[in-house]
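What follows is the content of protein26.txt, which has compact mmCIF, N, CA and C atoms:
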# COMPACT_ATOMS: atom_id res chain seq x y z
N MET A 27 25.25 101.03 44.40
CA MET A 27 23.89 100.99 43.93
C MET A 27 23.01 101.67 44.98
N LEU A 28 22.17 102.56 44.56
CA LEU A 28 21.29 103.27 45.47
C LEU A 28 19.91 102.62 45.50
N VAL A 29 19.47 102.28 46.71
CA VAL A 29 18.13 101.71 46.89
C VAL A 29 17.42 102.57 47.91
N PHE A 30 16.37 103.25 47.48
CA PHE A 30 15.61 104.16 48.34
C PHE A 30 16.54 105.17 49.02
N GLY A 31 17.51 105.62 48.30
CA GLY A 31 18.43 106.63 48.81
C GLY A 31 19.52 106.08 49.69
N ILE A 32 19.64 104.77 49.82
CA ILE A 32 20.68 104.16 50.65
C ILE A 32 21.66 103.46 49.72
N ASP A 33 22.93 103.62 49.98
CA ASP A 33 23.96 103.00 49.15
C ASP A 33 24.15 101.55 49.60
N VAL A 34 23.79 100.60 48.71
CA VAL A 34 23.91 99.18 49.00
C VAL A 34 24.88 98.58 47.99
N PRO A 35 25.92 97.90 48.45
CA PRO A 35 26.86 97.28 47.51
C PRO A 35 26.17 96.18 46.69
N LEU A 36 26.44 96.16 45.39
CA LEU A 36 25.81 95.21 44.49
C LEU A 36 26.20 93.77 44.83
N VAL A 37 27.41 93.57 45.31
CA VAL A 37 27.87 92.22 45.65
C VAL A 37 27.02 91.62 46.76
N GLU A 38 26.69 92.42 47.74
CA GLU A 38 25.86 91.92 48.85
C GLU A 38 24.46 91.57 48.37
N VAL A 39 23.91 92.34 47.47
CA VAL A 39 22.58 92.05 46.92
C VAL A 39 22.61 90.73 46.15
N VAL A 40 23.62 90.55 45.31
CA VAL A 40 23.74 89.31 44.54
C VAL A 40 23.95 88.13 45.47
N PHE A 41 24.77 88.29 46.49
CA PHE A 41 25.02 87.23 47.46
C PHE A 41 23.73 86.85 48.21
N THR A 42 22.95 87.85 48.58
CA THR A 42 21.69 87.61 49.28
C THR A 42 20.72 86.84 48.38
N PHE A 43 20.60 87.26 47.13
CA PHE A 43 19.72 86.55 46.19
C PHE A 43 20.21 85.12 45.96
N ALA A 44 21.51 84.92 45.91
CA ALA A 44 22.06 83.57 45.72
C ALA A 44 21.70 82.68 46.90
N ILE A 45 21.79 83.21 48.10
CA ILE A 45 21.43 82.43 49.29
C ILE A 45 19.94 82.08 49.27
N ILE A 46 19.11 83.04 48.92
CA ILE A 46 17.66 82.80 48.87
C ILE A 46 17.34 81.75 47.81
N ILE A 47 17.95 81.84 46.65
CA ILE A 47 17.70 80.87 45.58
C ILE A 47 18.18 79.49 46.01
N LEU A 48 19.30 79.40 46.68
CA LEU A 48 19.81 78.12 47.15
C LEU A 48 18.86 77.49 48.16
N ILE A 49 18.34 78.27 49.07
CA ILE A 49 17.38 77.76 50.05
C ILE A 49 16.12 77.25 49.35
N LEU A 50 15.62 78.01 48.38
CA LEU A 50 14.43 77.58 47.65
C LEU A 50 14.69 76.31 46.84
N LEU A 51 15.88 76.19 46.28
CA LEU A 51 16.23 74.99 45.53
C LEU A 51 16.27 73.76 46.43
N ILE A 52 16.88 73.89 47.59
CA ILE A 52 16.94 72.78 48.54
C ILE A 52 15.53 72.39 49.00
N GLU A 53 14.73 73.39 49.28
CA GLU A 53 13.36 73.12 49.72
C GLU A 53 12.56 72.41 48.63
N SER A 54 12.71 72.84 47.40
CA SER A 54 11.98 72.19 46.30
C SER A 54 12.46 70.76 46.09
N LEU A 55 13.75 70.50 46.25
CA LEU A 55 14.27 69.13 46.13
C LEU A 55 13.70 68.23 47.22
N ILE A 56 13.60 68.76 48.42
CA ILE A 56 13.03 67.98 49.53
C ILE A 56 11.57 67.66 49.24
N VAL A 57 10.83 68.63 48.74
CA VAL A 57 9.41 68.40 48.43
C VAL A 57 9.27 67.35 47.32
N ILE A 58 10.11 67.41 46.30
CA ILE A 58 10.05 66.44 45.22
C ILE A 58 10.36 65.04 45.72
N VAL A 59 11.36 64.91 46.58
CA VAL A 59 11.70 63.59 47.13
C VAL A 59 10.54 63.05 47.96
N LEU A 60 9.92 63.90 48.77
CA LEU A 60 8.79 63.45 49.58
C LEU A 60 7.61 63.04 48.69
N LEU A 61 7.37 63.77 47.62
CA LEU A 61 6.28 63.42 46.71
C LEU A 61 6.54 62.09 46.01
N LEU A 62 7.78 61.84 45.64
CA LEU A 62 8.11 60.57 45.00
C LEU A 62 7.92 59.40 45.96
N LYS A 63 8.34 59.58 47.21
CA LYS A 63 8.13 58.52 48.20
C LYS A 63 6.64 58.26 48.42
N GLN A 64 5.86 59.32 48.47
CA GLN A 64 4.42 59.18 48.67
C GLN A 64 3.77 58.50 47.47
N ALA A 65 4.25 58.81 46.28
CA ALA A 65 3.71 58.17 45.07
C ALA A 65 4.01 56.68 45.07
N GLN A 66 5.20 56.29 45.53
CA GLN A 66 5.54 54.87 45.61
C GLN A 66 4.65 54.16 46.63
N LYS A 67 4.40 54.81 47.75
CA LYS A 67 3.52 54.21 48.76
C LYS A 67 2.11 54.07 48.22
N SER A 68 1.64 55.08 47.50
CA SER A 68 0.30 55.02 46.93
C SER A 68 0.20 53.90 45.90
N LYS A 69 1.25 53.70 45.13
CA LYS A 69 1.26 52.62 44.14
C LYS A 69 1.18 51.27 44.84
N LYS A 70 1.95 51.09 45.92
CA LYS A 70 1.92 49.83 46.66
C LYS A 70 0.54 49.59 47.27
N ILE A 71 -0.07 50.64 47.79
CA ILE A 71 -1.41 50.51 48.36
C ILE A 71 -2.41 50.15 47.28
N GLY A 72 -2.29 50.74 46.11
CA GLY A 72 -3.17 50.40 45.00
C GLY A 72 -3.04 48.95 44.59
N GLU A 73 -1.82 48.45 44.55
CA GLU A 73 -1.60 47.04 44.21
C GLU A 73 -2.21 46.14 45.28
N ALA A 74 -2.06 46.50 46.54
CA ALA A 74 -2.62 45.71 47.63
C ALA A 74 -4.14 45.69 47.56
N VAL A 75 -4.73 46.83 47.25
CA VAL A 75 -6.20 46.90 47.12
C VAL A 75 -6.66 46.04 45.95
N GLU A 76 -5.91 46.06 44.87
CA GLU A 76 -6.26 45.24 43.70
C GLU A 76 -6.21 43.75 44.06
N LYS A 77 -5.17 43.33 44.76
CA LYS A 77 -5.08 41.92 45.18
C LYS A 77 -6.22 41.56 46.12
N LEU A 78 -6.53 42.46 47.04
CA LEU A 78 -7.62 42.21 47.98
C LEU A 78 -8.95 42.10 47.25
N SER A 79 -9.17 42.95 46.29
CA SER A 79 -10.40 42.90 45.50
C SER A 79 -10.51 41.59 44.74
N GLU A 80 -9.40 41.14 44.17
CA GLU A 80 -9.39 39.87 43.45
C GLU A 80 -9.70 38.71 44.40
N ALA A 81 -9.14 38.74 45.59
CA ALA A 81 -9.40 37.69 46.58
C ALA A 81 -10.87 37.68 46.99
N ILE A 82 -11.43 38.84 47.21
CA ILE A 82 -12.85 38.94 47.58
C ILE A 82 -13.73 38.43 46.45
N LEU A 83 -13.36 38.75 45.22
CA LEU A 83 -14.12 38.28 44.06
C LEU A 83 -14.08 36.76 43.96
N GLN A 84 -12.93 36.17 44.20
CA GLN A 84 -12.82 34.71 44.17
C GLN A 84 -13.66 34.07 45.27
N ILE A 85 -13.68 34.68 46.45
CA ILE A 85 -14.49 34.17 47.55
C ILE A 85 -15.97 34.24 47.19
N LYS A 86 -16.38 35.34 46.60
CA LYS A 86 -17.79 35.50 46.22
C LYS A 86 -18.17 34.47 45.16
N ARG A 87 -17.28 34.23 44.19
CA ARG A 87 -17.57 33.22 43.17
C ARG A 87 -17.71 31.84 43.80
N ALA A 88 -16.83 31.53 44.75
CA ALA A 88 -16.91 30.23 45.43
C ALA A 88 -18.21 30.12 46.22
N GLU A 89 -18.63 31.20 46.87
CA GLU A 89 -19.88 31.19 47.62
C GLU A 89 -21.07 30.98 46.69
N ILE A 90 -21.06 31.64 45.55
CA ILE A 90 -22.16 31.49 44.60
C ILE A 90 -22.22 30.07 44.07
N GLU A 91 -21.07 29.49 43.75
CA GLU A 91 -21.04 28.11 43.28
C GLU A 91 -21.56 27.16 44.36
N GLU A 92 -21.18 27.39 45.59
CA GLU A 92 -21.64 26.54 46.70
C GLU A 92 -23.14 26.68 46.90
N LEU A 93 -23.66 27.90 46.80
CA LEU A 93 -25.10 28.11 46.93
C LEU A 93 -25.86 27.44 45.77
N ASP A 94 -25.27 27.49 44.57
CA ASP A 94 -25.90 26.82 43.43
C ASP A 94 -25.94 25.31 43.65
N ARG A 95 -24.87 24.74 44.18
CA ARG A 95 -24.82 23.29 44.47
C ARG A 95 -25.89 22.91 45.52
N LEU A 96 -25.99 23.74 46.56
CA LEU A 96 -26.98 23.46 47.60
C LEU A 96 -28.41 23.64 47.09
N GLY A 97 -28.60 24.59 46.18
CA GLY A 97 -29.94 24.84 45.65
C GLY A 97 -30.41 23.75 44.71
N ARG A 98 -29.51 23.06 44.04
CA ARG A 98 -29.87 22.00 43.11
C ARG A 98 -30.31 20.72 43.83
N ARG A 99 -29.89 20.53 45.06
CA ARG A 99 -30.22 19.31 45.81
C ARG A 99 -31.61 19.38 46.26
When written as structure tokens, how does the structure in this file appear?
Amino acid sequence: MLVFGIDVPLVEVVFTFAIIILILLIESLIVIVLLLKQAQKSKKIGEAVEKLSEAILQIKRAEIEELDRLGRR
């Protein structure tokens, strides 16, 4: 196969492309795994924030009830 006037064997070109594609595939798999791990961490953080918000809401309700009791006296 002639490329820019240089004779390049087709097998070497195919082998080079196969190596490049393999490297890109491995890199994309690593990125996908990292994204999945990050998504799981984000989900856990979201659940923790939700629990914290619920706890704060319960504390505020208790404070309001206590202030209402003190205000009635």
Please report, as JSON, the centre and edge lengths in Å to one decimal of an axis-aligned box covering all listed atoms of stretch 85-88 of chain A with 4 Å per side.
{"center_x": -15.9, "center_y": 32.8, "center_z": 45.4, "size_x": 12.5, "size_y": 13.4, "size_z": 12.4}
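Picture a line from atom C of A:Val57 to atom CA of A:Lys69; it runs 17.1 Å.
Note that the spacing between atom CA of A:Phe30 and atom CA of A:Thr42 amounts to 17.7 Å.
The space between atom C of A:Glu80 and atom N of A:Glu92 spans 16.2 Å.
Taking chain A and asking which residues DSSP calls strand (DSSP E) on the backbone, you get Leu28, Val29, Ile32 and Asp33 of chain A.
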